[in-house]
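Next up, coords_2.txt (compact mmCIF, C-alpha atoms):
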```txt
# COMPACT_ATOMS: atom_id res chain seq x y z
CA MET A 1 10.25 -16.71 14.52
CA LYS A 2 10.45 -12.96 15.05
CA ILE A 3 10.28 -10.70 12.03
CA ALA A 4 11.03 -7.03 12.64
CA VAL A 5 9.57 -4.42 10.33
CA VAL A 6 11.79 -1.40 10.94
CA ASP A 7 9.86 1.79 11.65
CA TYR A 8 11.87 4.98 11.30
CA GLY A 9 8.87 7.28 11.24
CA MET A 10 8.50 7.52 7.48
CA GLY A 11 4.97 6.48 6.78
CA ASN A 12 2.77 3.52 6.61
CA LEU A 13 4.27 0.17 7.54
CA ARG A 14 0.97 -1.42 8.19
CA SER A 15 0.60 -2.87 4.70
CA VAL A 16 3.98 -4.57 4.92
CA ALA A 17 3.18 -6.00 8.36
CA LYS A 18 -0.30 -7.12 7.23
CA ALA A 19 1.06 -8.87 4.17
CA LEU A 20 3.72 -10.66 6.25
CA GLU A 21 1.04 -11.74 8.74
CA HIS A 22 -0.97 -13.06 5.82
CA VAL A 23 1.86 -15.26 4.50
CA ALA A 24 3.39 -16.23 7.86
CA PRO A 25 0.47 -16.54 10.30
CA HIS A 26 2.62 -18.25 12.95
CA ALA A 27 5.48 -15.75 12.92
CA GLN A 28 5.67 -12.83 15.33
CA ILE A 29 5.58 -9.79 13.10
CA ARG A 30 6.53 -6.61 14.95
CA VAL A 31 6.81 -3.06 13.73
CA VAL A 32 9.82 -1.85 15.73
CA ALA A 33 11.54 1.50 16.20
CA ASP A 34 14.10 0.48 18.82
CA PRO A 35 17.52 -0.76 17.62
CA GLN A 36 17.45 -3.48 20.32
CA ASP A 37 14.28 -4.92 18.81
CA VAL A 38 15.95 -5.03 15.42
CA ARG A 39 18.90 -6.87 16.97
CA ALA A 40 16.56 -9.34 18.71
CA ALA A 41 14.72 -10.26 15.50
CA ASP A 42 15.42 -13.38 13.43
CA ARG A 43 14.56 -11.60 10.18
CA VAL A 44 14.52 -7.93 9.34
CA VAL A 45 12.43 -6.03 6.82
CA VAL A 46 13.20 -2.40 6.00
CA PRO A 47 10.40 -0.79 4.03
CA GLY A 48 10.36 2.87 3.20
CA GLN A 49 8.60 5.59 1.38
CA GLY A 50 9.07 9.29 1.10
CA ALA A 51 12.25 11.19 0.47
CA MET A 52 15.68 9.62 0.87
CA PRO A 53 17.25 12.51 2.87
CA ASP A 54 14.42 12.35 5.42
CA CYS A 55 14.63 8.56 5.58
CA MET A 56 18.37 8.57 6.28
CA ARG A 57 18.05 11.37 8.81
CA GLU A 58 15.27 9.59 10.70
CA LEU A 59 17.07 6.27 10.59
CA LYS A 60 20.16 7.83 12.14
CA ALA A 61 18.23 9.93 14.65
CA ARG A 62 16.80 6.71 16.09
CA GLY A 63 20.14 4.94 16.08
CA LEU A 64 18.70 2.42 13.65
CA ASP A 65 21.37 2.77 10.97
CA ALA A 66 23.91 0.66 12.87
CA ALA A 67 21.29 -1.99 13.71
CA VAL A 68 20.21 -2.16 10.07
CA ILE A 69 23.80 -2.52 8.84
CA GLU A 70 24.38 -5.29 11.41
CA ALA A 71 21.25 -7.05 10.18
CA THR A 72 22.53 -6.96 6.60
CA GLN A 73 25.64 -8.78 7.81
CA ARG A 74 24.03 -11.61 9.72
CA LYS A 75 20.34 -12.37 9.19
CA PRO A 76 17.77 -12.68 6.42
CA PHE A 77 17.18 -9.11 5.36
CA LEU A 78 14.61 -7.65 3.00
CA GLY A 79 14.68 -4.04 1.83
CA ILE A 80 11.65 -2.56 0.05
CA CYS A 81 11.61 0.58 -2.13
CA ILE A 82 13.61 3.21 -0.20
CA GLY A 83 14.77 0.18 1.81
CA LEU A 84 16.57 -0.90 -1.39
CA GLN A 85 17.81 2.55 -2.31
CA MET A 86 19.40 3.18 1.09
CA LEU A 87 21.57 0.08 0.72
CA PHE A 88 23.54 1.75 -2.06
CA GLU A 89 26.42 4.18 -1.62
CA HIS A 90 24.67 7.33 -2.66
CA SER A 91 21.38 8.78 -3.80
CA GLU A 92 21.00 11.75 -6.08
CA GLU A 93 17.86 12.64 -4.10
CA GLY A 94 19.11 15.41 -1.85
CA ASP A 95 22.71 14.29 -2.53
CA THR A 96 22.37 11.74 0.28
CA PRO A 97 24.95 9.12 1.30
CA GLY A 98 23.45 5.66 1.74
CA LEU A 99 24.53 2.70 3.87
CA GLY A 100 26.92 1.37 1.24
CA VAL A 101 25.96 -2.29 1.52
CA PHE A 102 25.95 -2.44 -2.28
CA SER A 103 28.16 -0.38 -4.53
CA GLY A 104 26.36 1.90 -6.90
CA ARG A 105 24.26 5.01 -7.04
CA VAL A 106 20.60 5.90 -7.07
CA GLN A 107 19.46 8.37 -9.73
CA ARG A 108 16.32 10.15 -10.81
CA PHE A 109 14.35 9.09 -13.87
CA VAL A 110 14.66 11.76 -16.53
CA ALA A 111 12.01 12.33 -19.17
CA THR A 112 13.65 13.00 -22.53
CA PRO A 113 12.00 15.97 -24.28
CA GLY A 114 10.08 14.85 -27.33
CA GLN A 115 10.16 11.20 -26.31
CA MET A 116 6.83 9.47 -27.00
CA PRO A 117 5.06 8.15 -25.15
CA ARG A 118 6.13 10.60 -22.53
CA LEU A 119 7.87 9.08 -19.51
CA LYS A 120 5.63 9.87 -16.57
CA ILE A 121 7.41 10.32 -13.27
CA PRO A 122 6.92 8.81 -10.68
CA HIS A 123 7.05 5.38 -12.32
CA MET A 124 3.76 4.25 -10.85
CA GLY A 125 2.06 0.99 -11.69
CA TRP A 126 2.57 -2.67 -12.52
CA ASN A 127 5.65 -3.56 -14.47
CA GLN A 128 7.51 -6.70 -15.43
CA VAL A 129 10.50 -7.93 -13.49
CA THR A 130 12.96 -10.07 -15.42
CA HIS A 131 15.14 -12.42 -13.40
CA ASN A 132 18.86 -11.86 -14.00
CA ARG A 133 19.66 -15.06 -12.17
CA PRO A 134 17.90 -17.65 -10.03
CA HIS A 135 17.40 -16.89 -6.35
CA PRO A 136 15.47 -18.67 -3.56
CA LEU A 137 13.19 -15.63 -3.25
CA TRP A 138 12.08 -16.07 -6.87
CA ALA A 139 10.76 -19.57 -6.08
CA GLY A 140 7.33 -20.02 -7.66
CA ILE A 141 7.54 -16.64 -9.39
CA GLU A 142 8.05 -16.66 -13.12
CA SER A 143 10.49 -14.29 -14.74
CA ASP A 144 8.63 -11.30 -16.27
CA SER A 145 5.89 -11.43 -13.62
CA ARG A 146 4.43 -8.03 -12.85
CA PHE A 147 4.96 -6.19 -9.58
CA TYR A 148 3.71 -2.84 -8.36
CA PHE A 149 6.18 0.06 -8.49
CA VAL A 150 6.00 3.60 -7.15
CA HIS A 151 9.23 5.58 -7.37
CA SER A 152 10.98 8.49 -8.99
CA TYR A 153 14.55 7.32 -8.30
CA TYR A 154 16.15 4.05 -9.31
CA ALA A 155 19.32 2.07 -8.75
CA ALA A 156 21.31 1.72 -11.95
CA ALA A 157 22.05 -1.74 -13.33
CA THR A 158 24.62 -3.48 -11.10
CA GLN A 159 26.34 -6.85 -10.95
CA ASP A 160 24.41 -7.57 -7.72
CA ALA A 161 21.07 -7.20 -9.50
CA VAL A 162 18.97 -10.39 -9.50
CA GLY A 163 16.05 -8.74 -11.25
CA ARG A 164 15.61 -5.88 -13.66
CA CYS A 165 12.78 -3.76 -14.94
CA HIS A 166 12.43 -1.45 -17.91
CA TYR A 167 11.02 2.05 -17.62
CA GLY A 168 12.62 4.34 -20.15
CA LEU A 169 15.78 2.40 -19.36
CA ASP A 170 16.77 -0.82 -17.58
CA PHE A 171 17.09 -0.39 -13.85
CA THR A 172 17.63 -2.65 -10.84
CA ALA A 173 14.35 -4.10 -9.60
CA ALA A 174 15.93 -6.54 -7.15
CA VAL A 175 19.40 -6.84 -5.72
CA ALA A 176 20.87 -9.62 -3.59
CA ARG A 177 24.00 -10.85 -1.90
CA GLU A 178 24.30 -13.59 0.72
CA ASN A 179 21.56 -12.92 3.30
CA VAL A 180 20.41 -9.63 1.83
CA PHE A 181 17.61 -9.20 -0.71
CA ALA A 182 16.06 -5.89 -1.67
CA VAL A 183 13.39 -4.88 -4.13
CA GLN A 184 12.42 -1.58 -5.69
CA PHE A 185 8.80 -2.69 -6.12
CA HIS A 186 6.23 -3.20 -3.37
CA PRO A 187 5.67 -6.92 -2.79
CA GLU A 188 3.06 -6.05 -0.17
CA LYS A 189 1.00 -4.45 -2.94
CA SER A 190 1.79 -6.90 -5.73
CA GLN A 191 -0.94 -9.42 -5.08
CA ASN A 192 -0.04 -13.09 -5.59
CA ALA A 193 3.49 -12.61 -6.94
CA GLY A 194 4.31 -10.20 -4.12
CA LEU A 195 2.83 -12.40 -1.43
CA ARG A 196 4.81 -15.33 -2.77
CA LEU A 197 8.03 -13.35 -2.57
CA LEU A 198 7.26 -12.37 1.04
CA GLN A 199 6.44 -15.95 1.87
CA ASN A 200 9.71 -17.07 0.29
CA PHE A 201 11.51 -14.51 2.44
CA THR A 202 9.93 -15.81 5.65
CA GLN A 203 11.20 -19.30 4.76
CA TRP A 204 14.59 -18.34 3.35
CA GLN A 205 17.62 -19.99 4.95
CA PRO A 206 20.62 -18.16 3.49
CA GLU A 207 24.17 -19.10 4.38
CA VAL A 208 25.44 -16.43 6.73
CA SER A 209 29.20 -16.07 6.93
CA MET B 210 -16.15 2.50 -5.16
CA ASP B 211 -18.24 5.30 -3.76
CA VAL B 212 -18.83 4.49 -0.10
CA THR B 213 -21.43 5.91 2.23
CA ALA B 214 -22.44 4.60 5.66
CA GLY B 215 -20.26 1.55 5.07
CA ARG B 216 -21.89 0.55 1.76
CA VAL B 217 -20.79 0.86 -1.86
CA VAL B 218 -23.20 2.93 -3.94
CA LYS B 219 -23.23 4.18 -7.51
CA GLY B 220 -25.04 7.14 -9.01
CA VAL B 221 -25.58 8.71 -12.40
CA ASN B 222 -24.03 12.16 -12.99
CA PHE B 223 -23.17 12.17 -9.27
CA VAL B 224 -26.82 11.69 -8.10
CA GLN B 225 -29.49 8.90 -8.04
CA LEU B 226 -27.48 6.56 -5.81
CA ARG B 227 -28.01 2.78 -6.01
CA ASP B 228 -26.70 0.29 -3.46
CA ALA B 229 -23.97 -1.96 -4.87
CA GLY B 230 -22.92 -3.96 -1.83
CA ASP B 231 -20.40 -4.47 0.96
CA PRO B 232 -17.05 -2.77 0.26
CA VAL B 233 -14.87 -5.50 1.73
CA GLU B 234 -16.60 -8.26 -0.24
CA ILE B 235 -16.56 -6.25 -3.43
CA ALA B 236 -12.89 -5.37 -2.98
CA ALA B 237 -12.00 -9.03 -2.44
CA ARG B 238 -13.96 -10.00 -5.57
CA TYR B 239 -12.21 -7.40 -7.75
CA ASP B 240 -8.85 -8.42 -6.32
CA GLY B 241 -9.61 -12.02 -7.24
CA GLU B 242 -10.55 -10.94 -10.76
CA GLY B 243 -7.20 -9.21 -11.23
CA ALA B 244 -7.93 -5.53 -10.53
CA ASP B 245 -4.68 -3.57 -10.48
CA GLU B 246 -5.82 -0.99 -8.02
CA LEU B 247 -8.91 -0.08 -6.01
CA THR B 248 -10.22 3.41 -5.36
CA PHE B 249 -12.59 4.29 -2.53
CA LEU B 250 -14.37 7.58 -2.29
CA ASP B 251 -16.08 8.40 0.98
CA ILE B 252 -19.19 10.30 -0.03
CA THR B 253 -20.62 10.35 3.48
CA ALA B 254 -22.29 13.68 4.04
CA SER B 255 -22.30 13.84 7.82
CA SER B 256 -19.04 14.27 9.67
CA ASP B 257 -20.10 11.97 12.54
CA GLN B 258 -19.86 9.00 10.17
CA ARG B 259 -16.38 9.89 8.94
CA ASP B 260 -14.64 7.14 10.86
CA ILE B 261 -16.63 4.41 9.10
CA ILE B 262 -14.36 4.67 6.06
CA LEU B 263 -11.30 4.07 8.26
CA HIS B 264 -12.76 0.76 9.44
CA VAL B 265 -13.67 -0.17 5.88
CA ILE B 266 -10.12 0.52 4.69
CA GLU B 267 -8.59 -1.39 7.61
CA ALA B 268 -10.75 -4.39 6.78
CA VAL B 269 -9.96 -4.21 3.05
CA ALA B 270 -6.21 -3.76 3.65
CA SER B 271 -6.10 -6.94 5.73
CA ARG B 272 -7.49 -9.01 2.87
CA VAL B 273 -6.46 -7.33 -0.34
CA PHE B 274 -2.83 -6.77 -1.27
CA ILE B 275 -3.01 -4.32 -4.15
CA PRO B 276 -2.79 -0.51 -4.05
CA LEU B 277 -5.70 1.28 -2.40
CA THR B 278 -6.53 4.93 -3.07
CA VAL B 279 -8.93 6.59 -0.68
CA GLY B 280 -10.51 10.01 -0.86
CA GLY B 281 -13.47 12.04 0.26
CA GLY B 282 -13.55 14.59 3.04
CA VAL B 283 -9.78 14.99 3.25
CA ARG B 284 -9.34 18.47 4.74
CA GLN B 285 -6.04 18.48 6.58
CA LEU B 286 -2.76 16.68 6.89
CA ASP B 287 -4.10 14.69 9.80
CA ASP B 288 -6.84 13.23 7.56
CA VAL B 289 -4.14 12.11 5.13
CA ARG B 290 -2.19 10.44 7.90
CA ARG B 291 -5.24 8.69 9.33
CA LEU B 292 -6.15 7.20 5.96
CA LEU B 293 -2.58 6.07 5.28
CA ASN B 294 -2.40 4.52 8.73
CA ALA B 295 -5.66 2.70 8.11
CA GLY B 296 -4.06 1.04 5.09
CA ALA B 297 -4.53 3.43 2.19
CA ASP B 298 -1.55 3.69 -0.14
CA LYS B 299 -2.66 6.93 -1.73
CA VAL B 300 -4.98 9.64 -0.56
CA SER B 301 -7.05 11.59 -2.99
CA ILE B 302 -7.79 15.26 -2.39
CA ASN B 303 -10.47 17.16 -4.28
CA THR B 304 -12.45 20.02 -2.72
CA SER B 305 -9.73 20.87 -0.19
CA ALA B 306 -7.15 21.18 -2.96
CA VAL B 307 -9.22 24.02 -4.38
CA GLN B 308 -9.97 25.65 -1.05
CA ASN B 309 -6.43 25.27 0.23
CA PRO B 310 -3.90 24.37 -2.49
CA ALA B 311 -1.12 24.52 0.13
CA LEU B 312 -2.55 21.30 1.60
CA VAL B 313 -1.38 19.45 -1.52
CA SER B 314 2.18 20.79 -1.17
CA GLU B 315 2.23 20.17 2.55
CA ALA B 316 0.93 16.63 2.27
CA SER B 317 3.21 15.84 -0.66
CA ASN B 318 6.25 17.07 1.24
CA LYS B 319 5.34 15.08 4.34
CA VAL B 320 4.28 11.74 2.90
CA GLY B 321 5.79 11.84 -0.59
CA ASN B 322 4.09 12.77 -3.85
CA GLN B 323 3.47 9.11 -4.68
CA CYS B 324 0.82 9.12 -1.93
CA ILE B 325 -0.99 12.22 -3.07
CA VAL B 326 -3.63 11.98 -5.76
CA VAL B 327 -5.54 15.09 -6.76
CA ALA B 328 -9.04 14.25 -7.94
CA ILE B 329 -10.51 16.64 -10.48
CA ASP B 330 -14.21 16.66 -11.30
CA ALA B 331 -14.52 18.28 -14.71
CA LYS B 332 -17.50 19.59 -16.60
CA ARG B 333 -17.51 20.74 -20.19
CA LYS B 334 -17.83 24.52 -20.58
CA GLY B 335 -17.65 25.77 -24.15
CA PRO B 336 -14.29 24.78 -25.66
CA SER B 337 -12.77 23.79 -22.31
CA TRP B 338 -13.66 22.25 -18.95
CA GLU B 339 -14.36 23.70 -15.53
CA VAL B 340 -13.32 22.28 -12.16
CA TYR B 341 -16.16 21.43 -9.77
CA THR B 342 -15.94 20.67 -6.06
CA HIS B 343 -18.22 19.44 -3.28
CA GLY B 344 -19.08 16.22 -5.07
CA GLY B 345 -19.84 18.07 -8.28
CA ARG B 346 -22.19 20.58 -6.70
CA ARG B 347 -20.06 23.71 -6.87
CA ALA B 348 -18.44 25.35 -9.90
CA THR B 349 -15.07 26.96 -9.18
CA GLY B 350 -14.37 28.96 -12.34
CA LEU B 351 -11.03 27.14 -12.63
CA ASP B 352 -9.89 25.76 -15.97
CA VAL B 353 -9.25 22.00 -15.70
CA VAL B 354 -6.03 21.89 -17.76
CA GLN B 355 -4.45 24.81 -15.92
CA TRP B 356 -5.58 23.39 -12.61
CA ALA B 357 -4.03 20.02 -13.46
CA GLN B 358 -0.69 21.70 -14.19
CA GLN B 359 -0.90 23.73 -11.02
CA MET B 360 -1.56 20.60 -8.97
CA GLN B 361 1.44 18.87 -10.53
CA GLN B 362 3.58 21.83 -9.48
CA ARG B 363 2.13 21.64 -5.98
CA GLY B 364 3.28 18.04 -5.69
CA ALA B 365 0.41 15.84 -6.81
CA GLY B 366 1.79 12.42 -7.77
CA GLU B 367 -1.20 11.42 -9.85
CA LEU B 368 -4.45 12.89 -11.15
CA LEU B 369 -7.81 11.17 -10.97
CA LEU B 370 -9.81 12.88 -13.67
CA THR B 371 -13.57 12.40 -13.70
CA SER B 372 -15.88 13.70 -16.38
CA MET B 373 -19.06 14.76 -14.63
CA ASP B 374 -20.85 14.88 -17.97
CA ARG B 375 -20.14 11.19 -18.47
CA ASP B 376 -20.13 9.81 -14.93
CA GLY B 377 -22.49 6.84 -14.69
CA THR B 378 -23.90 7.41 -18.20
CA ARG B 379 -21.99 4.52 -19.81
CA ASP B 380 -21.42 6.71 -22.88
CA GLY B 381 -17.64 6.41 -22.69
CA PHE B 382 -14.93 8.69 -21.35
CA ASP B 383 -14.75 12.32 -22.40
CA LEU B 384 -11.70 11.52 -24.53
CA ALA B 385 -10.93 15.12 -25.46
CA LEU B 386 -10.77 15.99 -21.77
CA THR B 387 -8.58 12.99 -20.99
CA ARG B 388 -6.21 13.79 -23.83
CA ALA B 389 -6.00 17.50 -22.96
CA VAL B 390 -5.01 16.79 -19.36
CA SER B 391 -2.74 13.84 -20.09
CA ASP B 392 -0.77 15.87 -22.63
CA ALA B 393 -0.46 18.79 -20.23
CA VAL B 394 1.20 17.01 -17.30
CA ASP B 395 4.11 14.66 -16.60
CA ILE B 396 2.40 12.71 -13.84
CA PRO B 397 0.09 9.72 -14.39
CA VAL B 398 -3.55 10.43 -15.21
CA ILE B 399 -6.37 8.04 -14.34
CA ALA B 400 -9.43 8.49 -16.55
CA SER B 401 -12.80 8.07 -14.91
CA GLY B 402 -16.44 8.62 -15.67
CA GLY B 403 -18.63 7.10 -18.35
CA VAL B 404 -17.33 3.59 -19.05
CA GLY B 405 -20.11 1.45 -20.47
CA THR B 406 -18.26 -1.00 -22.68
CA LEU B 407 -14.86 -2.65 -22.73
CA GLU B 408 -13.99 -0.67 -25.84
CA HIS B 409 -14.42 2.50 -23.80
CA LEU B 410 -11.63 1.34 -21.49
CA ALA B 411 -9.30 0.78 -24.44
CA GLN B 412 -10.22 4.18 -25.90
CA GLY B 413 -9.27 5.90 -22.65
CA VAL B 414 -5.71 4.65 -23.01
CA ILE B 415 -5.32 4.67 -26.80
CA GLU B 416 -7.18 7.87 -27.69
CA GLY B 417 -7.30 9.63 -24.34
CA GLY B 418 -3.68 8.96 -23.43
CA ALA B 419 -4.66 7.91 -19.90
CA ASP B 420 -2.10 5.99 -17.87
CA ALA B 421 -4.85 4.04 -16.15
CA VAL B 422 -8.59 3.70 -16.47
CA LEU B 423 -11.18 3.49 -13.73
CA ALA B 424 -14.64 2.01 -14.02
CA ALA B 425 -17.37 1.32 -11.50
CA SER B 426 -20.83 0.68 -12.94
CA ILE B 427 -19.85 -2.01 -15.45
CA PHE B 428 -18.20 -4.01 -12.67
CA HIS B 429 -20.58 -3.29 -9.78
CA PHE B 430 -23.67 -4.39 -11.65
CA GLY B 431 -22.15 -7.48 -13.23
CA ASP B 432 -21.94 -6.41 -16.91
CA HIS B 433 -18.27 -7.34 -17.05
CA THR B 434 -15.58 -8.75 -14.82
CA VAL B 435 -12.23 -7.06 -14.35
CA ARG B 436 -10.67 -10.10 -15.99
CA GLU B 437 -12.76 -9.61 -19.15
CA ALA B 438 -11.79 -5.95 -19.19
CA LYS B 439 -8.10 -6.77 -19.04
CA ALA B 440 -8.34 -9.52 -21.65
CA TYR B 441 -10.07 -7.08 -23.97
CA MET B 442 -7.52 -4.33 -23.43
CA HIS B 443 -4.73 -6.82 -24.05
CA SER B 444 -6.40 -7.80 -27.34
CA ARG B 445 -6.31 -4.11 -28.31
CA GLY B 446 -2.56 -4.05 -27.84
CA ILE B 447 -2.50 -2.42 -24.40
CA GLU B 448 -0.01 -3.76 -21.89
CA VAL B 449 -1.87 -5.22 -18.93
CA ARG B 450 -0.96 -7.39 -15.99
```

In structure tokens, what does this structure look like?
Amino acid sequence: MKIAVVDYGMGNLRSVAKALEHVAPHAQIRVVADPQDVRAADRVVVPGQGAMPDCMRELKARGLDAAVIEATQRKPFLGICIGLQMLFEHSEEGDTPGLGVFSGRVQRFVATPGQMPRLKIPHMGWNQVTHNRPHPLWAGIESDSRFYFVHSYYAAATQDAVGRCHYGLDFTAAVARENVFAVQFHPEKSQNAGLRLLQNFTQWQPEVS
Amino acid sequence: MDVTAGRVVKGVNFVQLRDAGDPVEIAARYDGEGADELTFLDITASSDQRDIILHVIEAVASRVFIPLTVGGGVRQLDDVRRLLNAGADKVSINTSAVQNPALVSEASNKVGNQCIVVAIDAKRKGPSWEVYTHGGRRATGLDVVQWAQQMQQRGAGELLLTSMDRDGTRDGFDLALTRAVSDAVDIPVIASGGVGTLEHLAQGVIEGGADAVLAASIFHFGDHTVREAKAYMHSRGIEVR
């Protein structure tokens, strides 16, 4: 089994690759930057960190946007952090259009003046993820388990959300449809719960239309 | 974890170093005990041993799947990149932030502010606190609270605030310092320096307003496990994993 971790030049993908190697020692985990390698993979992971405008620009500059959209239509796909945000229609960060796989918008957390305790931004740390509905990737992970988050922008609650988190307000922690699953948190940094989710992904057999 | 020549050490008030063990083994132990995050500070003095920390981080990142912050000797953007590529999730900048504040903005713009931690070593001076650099050896004349705000504006995503007066003493955090900085910024503040009891950890959050608390001595030398620390904080009404 070939798992492609899509590299569009935006930072450290090593932790994601290492964590996948840890849970799927027999899989071929490759960090790839060529659209053909994404197309050749059985499963695709799109991590991401940094700013959304830069991420979208780099993705397009490498011709990876089309390959990523294709992957969301036909093979097990996991988006992480910015890899979740880019699946939506639009991000407020730099007024950037996303890939539009899910409808909805990505917005910035806003600290309300006078609100106590003060909402620190970025939302950085371990927080609880509540399951909105069952999903094969939640197997062995209890609802309200804690995962590690680092982000300043969030996807608003949507009907495609399979998990939610509360930080000042409820936001989408995980979103899914058919063969696509994406998380705002970092499973590769979320110890046992995160490793379990990654392992579930490597074994997931979604129906692909 | 303060690391030099590939070993974890711990001092008192930044001097009198004691060996505490192998960083990879210690990291794996703390991970197993439920640590939420690990911080490594390369305190190696000689530049020819700089790459040792990269190998340490690579080894830790292959075994431990929680956030890793690494600092010490970060002078330029390339140092930030090398640490991130070795497996660090966040890079902490201290002396270089004072010498070249533009490094913080530059690094934050390139890799995102979530990756950039500014470490502040603070020492009480009359009614306020002064920023020190070079592992606590050099006074800068900068006021800690103002410096913290300036670093937030420059793009720091988090502050690692260490009380030099309390470091290694086990007398508890400098809570007034922690509170002053936490109230002055909108980014998370990690309190460090002085934890000797589990109650000290709870005080850092409840009285100091810290978003996270860091301790070394009480864990390195076996007084408490991370699990005990979290159970205690939970019993004091603090949300923990």

Identify all chain B residues at most 7 Å from chain A by counting only C-alpha atoms; ligands do not count. Present them as a list in words. Ala270, Ser271, Phe274, Ile275, Pro276, Leu293, Asn294, Gly296, Val320, Gly321, Gln323, Gly366, Asp395, Ile396, Pro397 and Arg450 of chain B

Considering only C-alpha atoms, can you say which of B:Leu312, B:Ala229, B:Val398, B:Ala297 comes closest to B:Phe430? B:Ala229

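Across the model, the gap from atom CA of A:Leu197 to atom CA of A:Pro25 is 15.3 Å.
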
Could you state the separation of atom CA of A:Pro35 and atom CA of B:Lys299 in Å, given to one decimal place? 29.0 Å

Residue among A:Thr158, A:Gln107, A:Thr96, A:Gln184 lying closest to A:Val129, counting all atoms listed in the file: A:Gln184

What is the distance, in Å and to one decimal place, between atom CA of B:Ile235 and atom CA of A:Val23?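 Going from atom CA of B:Ile235 over to atom CA of A:Val23 covers 22.0 Å.
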
Which residues are close to B:Arg216, i.e. within 7 Å by all atoms listed in the file, leaving aside same-chain residues fewer than 6 positions away? Reply as number ranges by chain. B: 230-232

Which residue is closest to B:Gly345? Choose from B:Met360, B:Ala237, B:Val212, B:Val224 and count only C-alpha atoms.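 Checking each candidate against B:Gly345, we get B:Val224 as the closest.
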
Write out as a ChimeraX atom specification the residues lying within 8 Å of stretch 328-343 of chain B, counting all atoms listed in the file and excluding same-chain residues fewer than 5 positions away. /B:301-304,307,348-354,356-357,368-374,386

Write out as a ChimeraX atom specification which residues come within 10 Å of B:Asp260 when counting all atoms listed in the file, dropping same-chain ones fewer than 4 positions away. /B:214-215,256,264-265,291-292

Counting only C-alpha atoms, what is within 10 Å of B:Gly417, bar same-chain residues fewer than 6 positions away, as a ChimeraX atom specification? /B:382-392,398,400,410-411

Step by step, gather every atom of stretch 5-8 of chain A that the file lists, find the box along x, y and z that holds them, add 6 Å on each side, and finally give centre and edge lengths in Å to one decimal, as JSON.
```
{"center_x": 10.7, "center_y": 0.3, "center_z": 11.0, "size_x": 14.3, "size_y": 21.4, "size_z": 13.3}
```

Can you tell me which residues surround stretch 317-319 of chain B at a distance of at most 7 Å, considering all atoms listed in the file, apart from same-chain residues fewer than 4 positions away, and format the answer as a ChimeraX atom specification? /B:313,325,364-365

Considering only C-alpha atoms, state which residue in the set A:Tyr167, A:Phe185, A:Phe88, A:Trp138 is at the smallest distance from A:Ala155.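 Answer, going by the shortest atom-to-atom distance: A:Phe88.
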
For stretch 88-183 of chain A against stretch 59-74 of chain A, with a cut-off of 9 Å and counting all atoms listed in the file, what is the closest atom pair and its distance in Å to one decimal for every residue that makes the cut, ordered by chain and number, as CSV?
```
residue,atom,partner,partner_atom,distance
A:Leu99,CA,A:Ile69,CA,7.2
A:Val101,CA,A:Ile69,CA,7.6
A:Glu178,CA,A:Gln73,CA,8.7
A:Asn179,CA,A:Thr72,CA,6.9
A:Val180,CA,A:Thr72,CA,5.9
```
